[in-house]
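Text of the file input.pdb, holding PDB, C-alpha atoms:
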ATOM      1  CA  MET A   1     -35.738 -68.912 -21.253
ATOM      2  CA  THR A   2     -39.223 -67.898 -20.238
ATOM      3  CA  ILE A   3     -41.439 -65.132 -21.468
ATOM      4  CA  THR A   4     -43.487 -63.979 -18.542
ATOM      5  CA  THR A   5     -47.106 -63.173 -19.190
ATOM      6  CA  ALA A   6     -48.579 -59.936 -17.883
ATOM      7  CA  PRO A   7     -49.918 -59.923 -14.333
ATOM      8  CA  ASP A   8     -53.674 -60.433 -14.154
ATOM      9  CA  PHE A   9     -55.150 -56.919 -14.031
ATOM     10  CA  PRO A  10     -58.495 -57.698 -12.332
ATOM     11  CA  SER A  11     -56.712 -59.452  -9.478
ATOM     12  CA  LEU A  12     -54.789 -56.296  -8.497
ATOM     13  CA  ALA A  13     -55.832 -54.031  -5.643
ATOM     14  CA  VAL A  14     -54.498 -50.655  -4.541
ATOM     15  CA  GLY A  15     -51.927 -51.211  -1.815
ATOM     16  CA  ASP A  16     -50.764 -54.624  -3.069
ATOM     17  CA  ILE A  17     -47.015 -55.097  -2.937
ATOM     18  CA  VAL A  18     -46.103 -56.531  -6.336
ATOM     19  CA  ALA A  19     -42.332 -56.703  -6.040
ATOM     20  CA  GLU A  20     -39.547 -56.286  -3.525
ATOM     21  CA  ARG A  21     -35.894 -56.299  -4.441
ATOM     22  CA  SER A  22     -32.603 -55.095  -3.139
ATOM     23  CA  PHE A  23     -29.593 -54.098  -5.175
ATOM     24  CA  PRO A  24     -26.093 -54.142  -3.684
ATOM     25  CA  LEU A  25     -24.007 -51.337  -5.183
ATOM     26  CA  THR A  26     -20.224 -51.306  -5.135
ATOM     27  CA  ARG A  27     -17.754 -48.906  -6.695
ATOM     28  CA  ASP A  28     -17.580 -51.364  -9.608
ATOM     29  CA  SER A  29     -21.303 -50.805 -10.216
ATOM     30  CA  LEU A  30     -20.673 -47.072 -10.559
ATOM     31  CA  VAL A  31     -17.787 -47.522 -12.980
ATOM     32  CA  ARG A  32     -19.912 -49.901 -15.040
ATOM     33  CA  TYR A  33     -22.792 -47.416 -15.152
ATOM     34  CA  ALA A  34     -20.458 -44.533 -16.011
ATOM     35  CA  GLY A  35     -19.189 -46.466 -19.024
ATOM     36  CA  ALA A  36     -22.623 -47.638 -20.114
ATOM     37  CA  SER A  37     -24.282 -44.247 -19.787
ATOM     38  CA  GLY A  38     -21.421 -41.934 -20.715
ATOM     39  CA  ASP A  39     -21.797 -39.963 -17.450
ATOM     40  CA  PHE A  40     -18.198 -39.572 -16.283
ATOM     41  CA  ASN A  41     -18.742 -36.935 -13.609
ATOM     42  CA  PRO A  42     -15.822 -37.688 -11.225
ATOM     43  CA  ILE A  43     -18.033 -37.387  -8.110
ATOM     44  CA  HIS A  44     -19.117 -40.931  -9.054
ATOM     45  CA  TYR A  45     -15.636 -42.454  -8.801
ATOM     46  CA  ARG A  46     -13.179 -40.096  -7.057
ATOM     47  CA  ASP A  47     -13.339 -39.556  -3.297
ATOM     48  CA  ASP A  48     -10.992 -36.571  -3.392
ATOM     49  CA  ILE A  49     -13.180 -34.684  -5.859
ATOM     50  CA  ALA A  50     -16.405 -35.673  -4.082
ATOM     51  CA  HIS A  51     -14.982 -34.300  -0.821
ATOM     52  CA  ALA A  52     -13.629 -31.169  -2.508
ATOM     53  CA  VAL A  53     -17.146 -30.203  -3.652
ATOM     54  CA  GLY A  54     -18.587 -30.816  -0.199
ATOM     55  CA  LEU A  55     -20.085 -34.271  -0.648
ATOM     56  CA  PRO A  56     -19.853 -36.970   2.037
ATOM     57  CA  GLY A  57     -18.213 -39.339  -0.456
ATOM     58  CA  VAL A  58     -18.580 -40.898  -3.888
ATOM     59  CA  LEU A  59     -22.233 -40.999  -4.926
ATOM     60  CA  ALA A  60     -24.176 -43.336  -7.173
ATOM     61  CA  HIS A  61     -25.487 -41.634 -10.309
ATOM     62  CA  GLY A  62     -29.102 -40.599  -9.708
ATOM     63  CA  MET A  63     -29.911 -42.185 -13.054
ATOM     64  CA  LEU A  64     -28.377 -45.474 -11.893
ATOM     65  CA  THR A  65     -30.668 -45.517  -8.857
ATOM     66  CA  MET A  66     -33.625 -44.623 -11.098
ATOM     67  CA  GLY A  67     -32.617 -47.267 -13.638
ATOM     68  CA  LEU A  68     -32.267 -50.133 -11.198
ATOM     69  CA  ALA A  69     -35.342 -49.283  -9.115
ATOM     70  CA  VAL A  70     -37.633 -49.813 -12.103
ATOM     71  CA  GLN A  71     -36.207 -53.296 -12.713
ATOM     72  CA  ALA A  72     -38.419 -54.634  -9.942
ATOM     73  CA  VAL A  73     -41.418 -53.505 -12.015
ATOM     74  CA  VAL A  74     -39.953 -54.689 -15.334
ATOM     75  CA  ASP A  75     -39.552 -58.191 -13.916
ATOM     76  CA  TRP A  76     -43.048 -58.202 -12.404
ATOM     77  CA  SER A  77     -44.691 -56.888 -15.586
ATOM     78  CA  GLY A  78     -42.872 -59.443 -17.761
ATOM     79  CA  ASP A  79     -42.119 -56.983 -20.579
ATOM     80  CA  PRO A  80     -40.334 -53.608 -20.406
ATOM     81  CA  GLY A  81     -42.614 -52.422 -23.234
ATOM     82  CA  ARG A  82     -45.528 -52.344 -20.803
ATOM     83  CA  ILE A  83     -43.880 -49.439 -18.962
ATOM     84  CA  VAL A  84     -45.116 -46.254 -20.610
ATOM     85  CA  ASP A  85     -44.242 -43.607 -18.055
ATOM     86  CA  TYR A  86     -41.692 -43.427 -15.265
ATOM     87  CA  GLN A  87     -40.805 -40.465 -13.088
ATOM     88  CA  VAL A  88     -38.725 -39.847  -9.982
ATOM     89  CA  ARG A  89     -37.502 -36.994  -7.830
ATOM     90  CA  PHE A  90     -33.928 -37.243  -6.580
ATOM     91  CA  THR A  91     -34.340 -36.484  -2.894
ATOM     92  CA  ARG A  92     -31.161 -37.789  -1.275
ATOM     93  CA  PRO A  93     -27.805 -38.927  -2.668
ATOM     94  CA  VAL A  94     -26.696 -42.557  -2.368
ATOM     95  CA  VAL A  95     -23.210 -42.647  -0.856
ATOM     96  CA  VAL A  96     -21.285 -45.745  -1.944
ATOM     97  CA  ASP A  97     -18.608 -46.722   0.553
ATOM     98  CA  PRO A  98     -15.375 -48.012  -1.081
ATOM     99  CA  GLU A  99     -15.420 -51.148   1.095
ATOM    100  CA  SER A 100     -18.983 -51.841   2.154
ATOM    101  CA  GLY A 101     -20.793 -50.271  -0.818
ATOM    102  CA  ALA A 102     -24.499 -49.491  -0.372
ATOM    103  CA  VAL A 103     -27.704 -51.487  -0.645
ATOM    104  CA  VAL A 104     -30.687 -49.949  -2.438
ATOM    105  CA  ALA A 105     -33.960 -51.550  -1.332
ATOM    106  CA  VAL A 106     -37.030 -51.235  -3.538
ATOM    107  CA  ILE A 107     -40.664 -51.950  -2.680
ATOM    108  CA  ALA A 108     -43.184 -51.695  -5.528
ATOM    109  CA  LYS A 109     -46.805 -51.165  -4.551
ATOM    110  CA  VAL A 110     -49.995 -50.594  -6.539
ATOM    111  CA  GLY A 111     -50.829 -46.890  -6.137
ATOM    112  CA  GLN A 112     -53.743 -46.514  -8.522
ATOM    113  CA  LEU A 113     -55.695 -48.600 -11.038
ATOM    114  CA  ASP A 114     -57.154 -47.316 -14.289
ATOM    115  CA  ASP A 115     -59.792 -49.835 -15.393
ATOM    116  CA  ASP A 116     -60.456 -48.228 -18.782
ATOM    117  CA  ALA A 117     -56.823 -48.337 -19.857
ATOM    118  CA  ARG A 118     -56.068 -51.485 -17.853
ATOM    119  CA  ALA A 119     -53.139 -49.578 -16.467
ATOM    120  CA  ALA A 120     -51.611 -49.613 -13.013
ATOM    121  CA  ARG A 121     -49.641 -46.883 -11.338
ATOM    122  CA  ILE A 122     -46.927 -48.601  -9.356
ATOM    123  CA  ASP A 123     -45.387 -46.513  -6.595
ATOM    124  CA  LEU A 124     -41.818 -47.298  -5.609
ATOM    125  CA  THR A 125     -40.323 -46.872  -2.175
ATOM    126  CA  VAL A 126     -36.570 -46.680  -2.661
ATOM    127  CA  LYS A 127     -34.390 -46.639   0.434
ATOM    128  CA  VAL A 128     -30.821 -46.991   1.582
ATOM    129  CA  GLY A 129     -30.989 -48.053   5.212
ATOM    130  CA  ASP A 130     -33.795 -45.989   6.736
ATOM    131  CA  GLU A 131     -33.504 -43.134   4.279
ATOM    132  CA  THR A 132     -35.682 -42.620   1.224
ATOM    133  CA  VAL A 133     -33.524 -41.694  -1.750
ATOM    134  CA  LEU A 134     -36.140 -41.261  -4.501
ATOM    135  CA  GLY A 135     -39.356 -39.309  -4.061
ATOM    136  CA  LYS A 136     -42.540 -39.530  -6.119
ATOM    137  CA  ALA A 137     -41.183 -42.602  -7.910
ATOM    138  CA  GLN A 138     -44.116 -43.691 -10.066
ATOM    139  CA  VAL A 139     -44.331 -46.144 -12.931
ATOM    140  CA  ARG A 140     -47.323 -46.430 -15.261
ATOM    141  CA  VAL A 141     -47.715 -49.970 -16.576
ATOM    142  CA  ILE A 142     -50.203 -51.032 -19.248
ATOM    143  CA  LEU A 143     -51.400 -54.552 -18.514
ATOM    144  CA  GLY A 144     -53.994 -54.627 -21.329
TER     145      GLY A 144
ATOM    146  CA  MET B   1     -25.626 -15.990 -11.123
ATOM    147  CA  PRO B   2     -29.295 -16.406 -12.004
ATOM    148  CA  LEU B   3     -30.167 -18.186 -15.215
ATOM    149  CA  ASN B   4     -31.109 -16.159 -18.238
ATOM    150  CA  PRO B   5     -34.952 -16.051 -18.096
ATOM    151  CA  GLU B   6     -35.072 -15.593 -21.854
ATOM    152  CA  LEU B   7     -34.056 -19.231 -22.180
ATOM    153  CA  GLN B   8     -37.638 -20.285 -21.543
ATOM    154  CA  GLY B   9     -39.248 -21.574 -24.706
ATOM    155  CA  ARG B  10     -35.964 -21.906 -26.554
ATOM    156  CA  VAL B  11     -35.775 -24.855 -28.953
ATOM    157  CA  PHE B  12     -32.386 -26.294 -29.902
ATOM    158  CA  PRO B  13     -31.648 -27.915 -33.276
ATOM    159  CA  PRO B  14     -32.194 -31.707 -33.441
ATOM    160  CA  THR B  15     -29.122 -33.725 -32.414
ATOM    161  CA  GLU B  16     -27.258 -35.899 -34.926
ATOM    162  CA  PRO B  17     -28.899 -39.345 -35.238
ATOM    163  CA  TYR B  18     -27.800 -41.795 -32.526
ATOM    164  CA  LEU B  19     -27.687 -45.418 -33.715
ATOM    165  CA  VAL B  20     -28.671 -47.755 -30.877
ATOM    166  CA  GLY B  21     -26.249 -50.691 -30.906
ATOM    167  CA  ARG B  22     -27.114 -54.186 -29.674
ATOM    168  CA  GLU B  23     -24.037 -54.418 -27.457
ATOM    169  CA  LYS B  24     -24.753 -50.950 -26.035
ATOM    170  CA  VAL B  25     -28.223 -52.140 -25.028
ATOM    171  CA  ARG B  26     -26.707 -55.209 -23.346
ATOM    172  CA  GLU B  27     -24.045 -53.116 -21.613
ATOM    173  CA  PHE B  28     -26.577 -50.582 -20.314
ATOM    174  CA  SER B  29     -28.921 -53.390 -19.245
ATOM    175  CA  ARG B  30     -26.195 -55.053 -17.167
ATOM    176  CA  ALA B  31     -25.319 -51.691 -15.623
ATOM    177  CA  VAL B  32     -28.881 -51.153 -14.329
ATOM    178  CA  PHE B  33     -29.244 -54.754 -13.059
ATOM    179  CA  ALA B  34     -31.782 -55.714 -15.731
ATOM    180  CA  THR B  35     -32.500 -59.426 -15.984
ATOM    181  CA  ASN B  36     -35.348 -59.785 -18.493
ATOM    182  CA  PRO B  37     -34.060 -61.848 -21.466
ATOM    183  CA  VAL B  38     -35.538 -59.369 -23.993
ATOM    184  CA  HIS B  39     -32.712 -56.987 -23.049
ATOM    185  CA  PHE B  40     -29.990 -59.489 -23.967
ATOM    186  CA  ASN B  41     -31.279 -62.205 -26.257
ATOM    187  CA  VAL B  42     -32.421 -61.400 -29.796
ATOM    188  CA  GLU B  43     -34.602 -64.519 -30.014
ATOM    189  CA  ALA B  44     -36.340 -63.655 -26.741
ATOM    190  CA  ALA B  45     -36.928 -60.110 -27.977
ATOM    191  CA  ARG B  46     -38.367 -61.355 -31.277
ATOM    192  CA  ALA B  47     -40.574 -63.873 -29.481
ATOM    193  CA  ALA B  48     -41.966 -60.939 -27.490
ATOM    194  CA  GLY B  49     -42.721 -59.039 -30.701
ATOM    195  CA  TYR B  50     -39.707 -56.731 -30.990
ATOM    196  CA  ASP B  51     -37.295 -56.343 -33.911
ATOM    197  CA  ASP B  52     -34.215 -56.617 -31.723
ATOM    198  CA  VAL B  53     -33.016 -56.437 -28.110
ATOM    199  CA  VAL B  54     -35.013 -53.952 -26.026
ATOM    200  CA  ALA B  55     -33.403 -51.096 -24.091
ATOM    201  CA  PRO B  56     -34.369 -50.585 -20.418
ATOM    202  CA  PRO B  57     -36.900 -47.818 -19.616
ATOM    203  CA  THR B  58     -34.191 -45.298 -18.633
ATOM    204  CA  PHE B  59     -31.938 -45.817 -21.673
ATOM    205  CA  ALA B  60     -33.328 -42.660 -23.302
ATOM    206  CA  VAL B  61     -31.096 -40.678 -20.951
ATOM    207  CA  VAL B  62     -28.152 -41.566 -23.202
ATOM    208  CA  VAL B  63     -29.831 -39.825 -26.134
ATOM    209  CA  GLN B  64     -31.274 -36.994 -24.054
ATOM    210  CA  GLU B  65     -27.773 -36.265 -22.756
ATOM    211  CA  LEU B  66     -26.699 -35.238 -26.260
ATOM    212  CA  SER B  67     -29.402 -32.594 -26.352
ATOM    213  CA  LEU B  68     -28.689 -31.431 -22.777
ATOM    214  CA  ALA B  69     -25.056 -30.943 -23.781
ATOM    215  CA  GLN B  70     -26.243 -28.282 -26.251
ATOM    216  CA  LEU B  71     -27.953 -26.374 -23.448
ATOM    217  CA  LEU B  72     -25.040 -26.687 -21.010
ATOM    218  CA  ALA B  73     -22.533 -25.568 -23.639
ATOM    219  CA  ASP B  74     -24.545 -22.497 -24.629
ATOM    220  CA  PRO B  75     -22.812 -19.408 -23.219
ATOM    221  CA  GLU B  76     -26.101 -17.483 -23.353
ATOM    222  CA  ALA B  77     -27.643 -19.999 -20.960
ATOM    223  CA  GLY B  78     -24.958 -19.233 -18.387
ATOM    224  CA  ILE B  79     -25.177 -22.606 -16.661
ATOM    225  CA  ASP B  80     -22.204 -23.472 -14.433
ATOM    226  CA  PHE B  81     -22.117 -27.266 -14.744
ATOM    227  CA  SER B  82     -20.243 -27.735 -11.463
ATOM    228  CA  ARG B  83     -23.297 -26.285  -9.686
ATOM    229  CA  VAL B  84     -25.870 -28.464 -11.444
ATOM    230  CA  VAL B  85     -27.847 -31.051  -9.471
ATOM    231  CA  HIS B  86     -30.388 -33.395 -11.049
ATOM    232  CA  GLY B  87     -33.759 -32.558  -9.472
ATOM    233  CA  ASP B  88     -36.162 -34.882 -11.195
ATOM    234  CA  GLN B  89     -36.553 -37.001 -14.289
ATOM    235  CA  ARG B  90     -39.419 -38.417 -16.303
ATOM    236  CA  PHE B  91     -39.745 -40.623 -19.385
ATOM    237  CA  THR B  92     -43.015 -40.923 -21.302
ATOM    238  CA  SER B  93     -42.815 -43.563 -24.033
ATOM    239  CA  THR B  94     -44.809 -44.414 -27.112
ATOM    240  CA  ARG B  95     -42.768 -47.595 -27.512
ATOM    241  CA  PRO B  96     -39.532 -48.967 -26.077
ATOM    242  CA  ILE B  97     -36.191 -48.228 -27.749
ATOM    243  CA  VAL B  98     -34.711 -51.244 -29.554
ATOM    244  CA  ALA B  99     -31.312 -51.959 -31.096
ATOM    245  CA  GLY B 100     -31.187 -50.576 -34.628
ATOM    246  CA  ASP B 101     -33.168 -47.441 -33.816
ATOM    247  CA  GLU B 102     -31.719 -44.192 -35.126
ATOM    248  CA  LEU B 103     -32.793 -41.577 -32.628
ATOM    249  CA  THR B 104     -32.786 -37.800 -32.709
ATOM    250  CA  ALA B 105     -33.461 -35.561 -29.707
ATOM    251  CA  THR B 106     -34.912 -32.079 -29.918
ATOM    252  CA  LEU B 107     -34.617 -30.087 -26.715
ATOM    253  CA  THR B 108     -36.986 -27.370 -25.606
ATOM    254  CA  VAL B 109     -36.437 -25.326 -22.464
ATOM    255  CA  ALA B 110     -39.844 -25.801 -20.898
ATOM    256  CA  SER B 111     -39.339 -23.504 -17.933
ATOM    257  CA  VAL B 112     -36.824 -21.438 -16.005
ATOM    258  CA  LYS B 113     -37.612 -20.547 -12.403
ATOM    259  CA  SER B 114     -35.837 -18.895  -9.518
ATOM    260  CA  LEU B 115     -36.037 -20.380  -6.074
ATOM    261  CA  GLY B 116     -34.212 -18.092  -3.707
ATOM    262  CA  PRO B 117     -30.558 -18.087  -4.772
ATOM    263  CA  HIS B 118     -31.071 -21.204  -6.902
ATOM    264  CA  SER B 119     -32.442 -21.611 -10.408
ATOM    265  CA  MET B 120     -34.418 -24.499 -11.835
ATOM    266  CA  VAL B 121     -34.458 -25.295 -15.509
ATOM    267  CA  THR B 122     -36.760 -27.908 -16.988
ATOM    268  CA  ALA B 123     -35.562 -29.345 -20.284
ATOM    269  CA  GLN B 124     -37.855 -31.456 -22.429
ATOM    270  CA  SER B 125     -36.344 -33.634 -25.151
ATOM    271  CA  GLU B 126     -38.574 -35.168 -27.808
ATOM    272  CA  ILE B 127     -36.862 -38.293 -29.092
ATOM    273  CA  THR B 128     -37.949 -39.535 -32.506
ATOM    274  CA  ASP B 129     -36.887 -42.402 -34.765
ATOM    275  CA  ALA B 130     -35.586 -42.370 -38.354
ATOM    276  CA  ALA B 131     -39.159 -42.178 -39.659
ATOM    277  CA  GLY B 132     -39.803 -39.112 -37.509
ATOM    278  CA  GLU B 133     -42.156 -41.019 -35.205
ATOM    279  CA  HIS B 134     -42.229 -40.227 -31.505
ATOM    280  CA  VAL B 135     -40.462 -42.786 -29.298
ATOM    281  CA  VAL B 136     -40.053 -41.133 -25.916
ATOM    282  CA  THR B 137     -40.209 -37.745 -24.246
ATOM    283  CA  SER B 138     -37.512 -37.256 -21.642
ATOM    284  CA  ILE B 139     -37.913 -34.428 -19.147
ATOM    285  CA  SER B 140     -35.191 -33.336 -16.735
ATOM    286  CA  THR B 141     -35.299 -30.666 -14.105
ATOM    287  CA  LEU B 142     -31.847 -29.374 -13.257
ATOM    288  CA  VAL B 143     -31.235 -27.306 -10.172
ATOM    289  CA  VAL B 144     -28.438 -24.788 -10.539
ATOM    290  CA  ARG B 145     -27.208 -23.921  -7.062
ATOM    291  CA  GLY B 146     -26.562 -20.236  -6.444
ATOM    292  CA  ASP B 147     -24.596 -18.642  -3.654
ATOM    293  CA  GLU B 148     -26.275 -19.373  -0.332
TER     294      GLU B 148
END
If you convert what's in this file into structure tokens, what do you get?
Amino acid sequence: MTITTAPDFPSLAVGDIVAERSFPLTRDSLVRYAGASGDFNPIHYRDDIAHAVGLPGVLAHGMLTMGLAVQAVVDWSGDPGRIVDYQVRFTRPVVVDPESGAVVAVIAKVGQLDDDARAARIDLTVKVGDETVLGKAQVRVILG
Amino acid sequence: MPLNPELQGRVFPPTEPYLVGREKVREFSRAVFATNPVHFNVEAARAAGYDDVVAPPTFAVVVQELSLAQLLADPEAGIDFSRVVHGDQRFTSTRPIVAGDELTATLTVASVKSLGPHSMVTAQSEITDAAGEHVVTSISTLVVRGDE
């Protein structure tokens, strides 16, 4: 077990990529998140209902996509307590195919540095294939 | 049907205290692909300065949900849940949530707007611990789709 120390603030520059990760989602992932979060909306596990309300198929919970995307930053920062603000806009649904699933790819880049607070704004690019699924995904991390 | 504009500014009563369980934190952590040992291992969490295992940054949604349920269930609000889409979400934390916390959420309807046939409602939940101290503010914008 290792406790990671915080990244070295003065060595950061705007535009640096600090983390890249991809998360393979399957239907199992959605069932697991439904149970963990208590969000049992059937559009996240029933194709017939998803289709009946005009969706292309079963979708990942927006909050699952938000929750996993930030993990790239949690791991980089070494301590989830350093994350003091996190926001996203849900721009496009993530369709999870029953056989092939979906892969959510996350790139975390330094968007802004606040020298006084020793805080970094990390901007996330979150895509499935070529499509961006989260907009304005920003994480404020105190590196103090 | 447009949302009731008089909802804006409405404050709901605080939710019943939610006790954050250690296994719930581990379960939620696995569900969001968390890997940091402070989410799973009590010793690792204590070594990092926490009282117990640490919940991931989006865990507050579990507690916020209880306050959103009050809004969605309110007949005066007139929100048809089957037409609700999550527009955006934000968490602003004073400290992370840890196992053992007893959390209460107080929801305020921050704004109600019309956007063509659709309505947008922004709900802000202040989540506090047993001592009444602020832990996290969770803000959701819900889009209620109207007839096109």
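From atom CA of A:Ala50 back to atom CA of B:Gly146, the distance works out to 18.6 Å.
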Stretch 22-25 of chain B environment, 8 Å, only C-alpha atoms, sequence neighbours closer than 2 positions dropped, as a PyMOL selection string: (chain A and resi 36) or (chain B and resi 20+27-29+39-40+52-56+98-100)
Using all atoms listed in the file, determine which residues of chain B fall within 8 Å of chain A; present them as a PyMOL selection string. chain B and resi 24+27-28+31-38+44+48+54+56-58+61-62+86-96
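Closest to B:Gly21 among B:Ala131, B:Val109, B:Leu103, B:Ala77 is B:Leu103, based on all atoms listed in the file.
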Hits of the PyMOL selection byres ((chain B and resi 63) around 8) in this structure, as a PyMOL selection string: chain B and resi 18+59-62+64-67+103-105+127
Expected file: the selected residues, C-alpha atoms, as a PDB file, in the frame of the given file:
ATOM      1  CA  TYR B  18     -27.800 -41.795 -32.526  1.00  0.00           C
ATOM      2  CA  PHE B  59     -31.938 -45.817 -21.673  1.00  0.00           C
ATOM      3  CA  ALA B  60     -33.328 -42.660 -23.302  1.00  0.00           C
ATOM      4  CA  VAL B  61     -31.096 -40.678 -20.951  1.00  0.00           C
ATOM      5  CA  VAL B  62     -28.152 -41.566 -23.202  1.00  0.00           C
ATOM      6  CA  GLN B  64     -31.274 -36.994 -24.054  1.00  0.00           C
ATOM      7  CA  GLU B  65     -27.773 -36.265 -22.756  1.00  0.00           C
ATOM      8  CA  LEU B  66     -26.699 -35.238 -26.260  1.00  0.00           C
ATOM      9  CA  SER B  67     -29.402 -32.594 -26.352  1.00  0.00           C
ATOM     10  CA  LEU B 103     -32.793 -41.577 -32.628  1.00  0.00           C
ATOM     11  CA  THR B 104     -32.786 -37.800 -32.709  1.00  0.00           C
ATOM     12  CA  ALA B 105     -33.461 -35.561 -29.707  1.00  0.00           C
ATOM     13  CA  ILE B 127     -36.862 -38.293 -29.092  1.00  0.00           C
TER      14      ILE B 127
END
Excluding A:Ala120 and its own-chain neighbours fewer than 3 positions away, which residues fall within 12 Å of it when counting only C-alpha atoms? Please give them as a ChimeraX atom specification. /A:6-16,18,73,77,82-86,108-117,123,138-144
Work out how far apart atom CA of A:Gly129 and atom CA of A:Gly54 are and give it in Å to one decimal. 21.9 Å
Do you have the atom CA of A:Leu124-atom CA of B:Val42 distance handy? 29.5 Å
Test item: axis-aligned box, all listed atoms of stretch 78-86 of chain A, 8 Å on each side, centre and edges in Å rounded to one decimal, as lines of an AutoDock Vina configuration file:
center_x = -42.9
center_y = -51.4
center_z = -19.2
size_x = 21.2
size_y = 32.0
size_z = 24.0
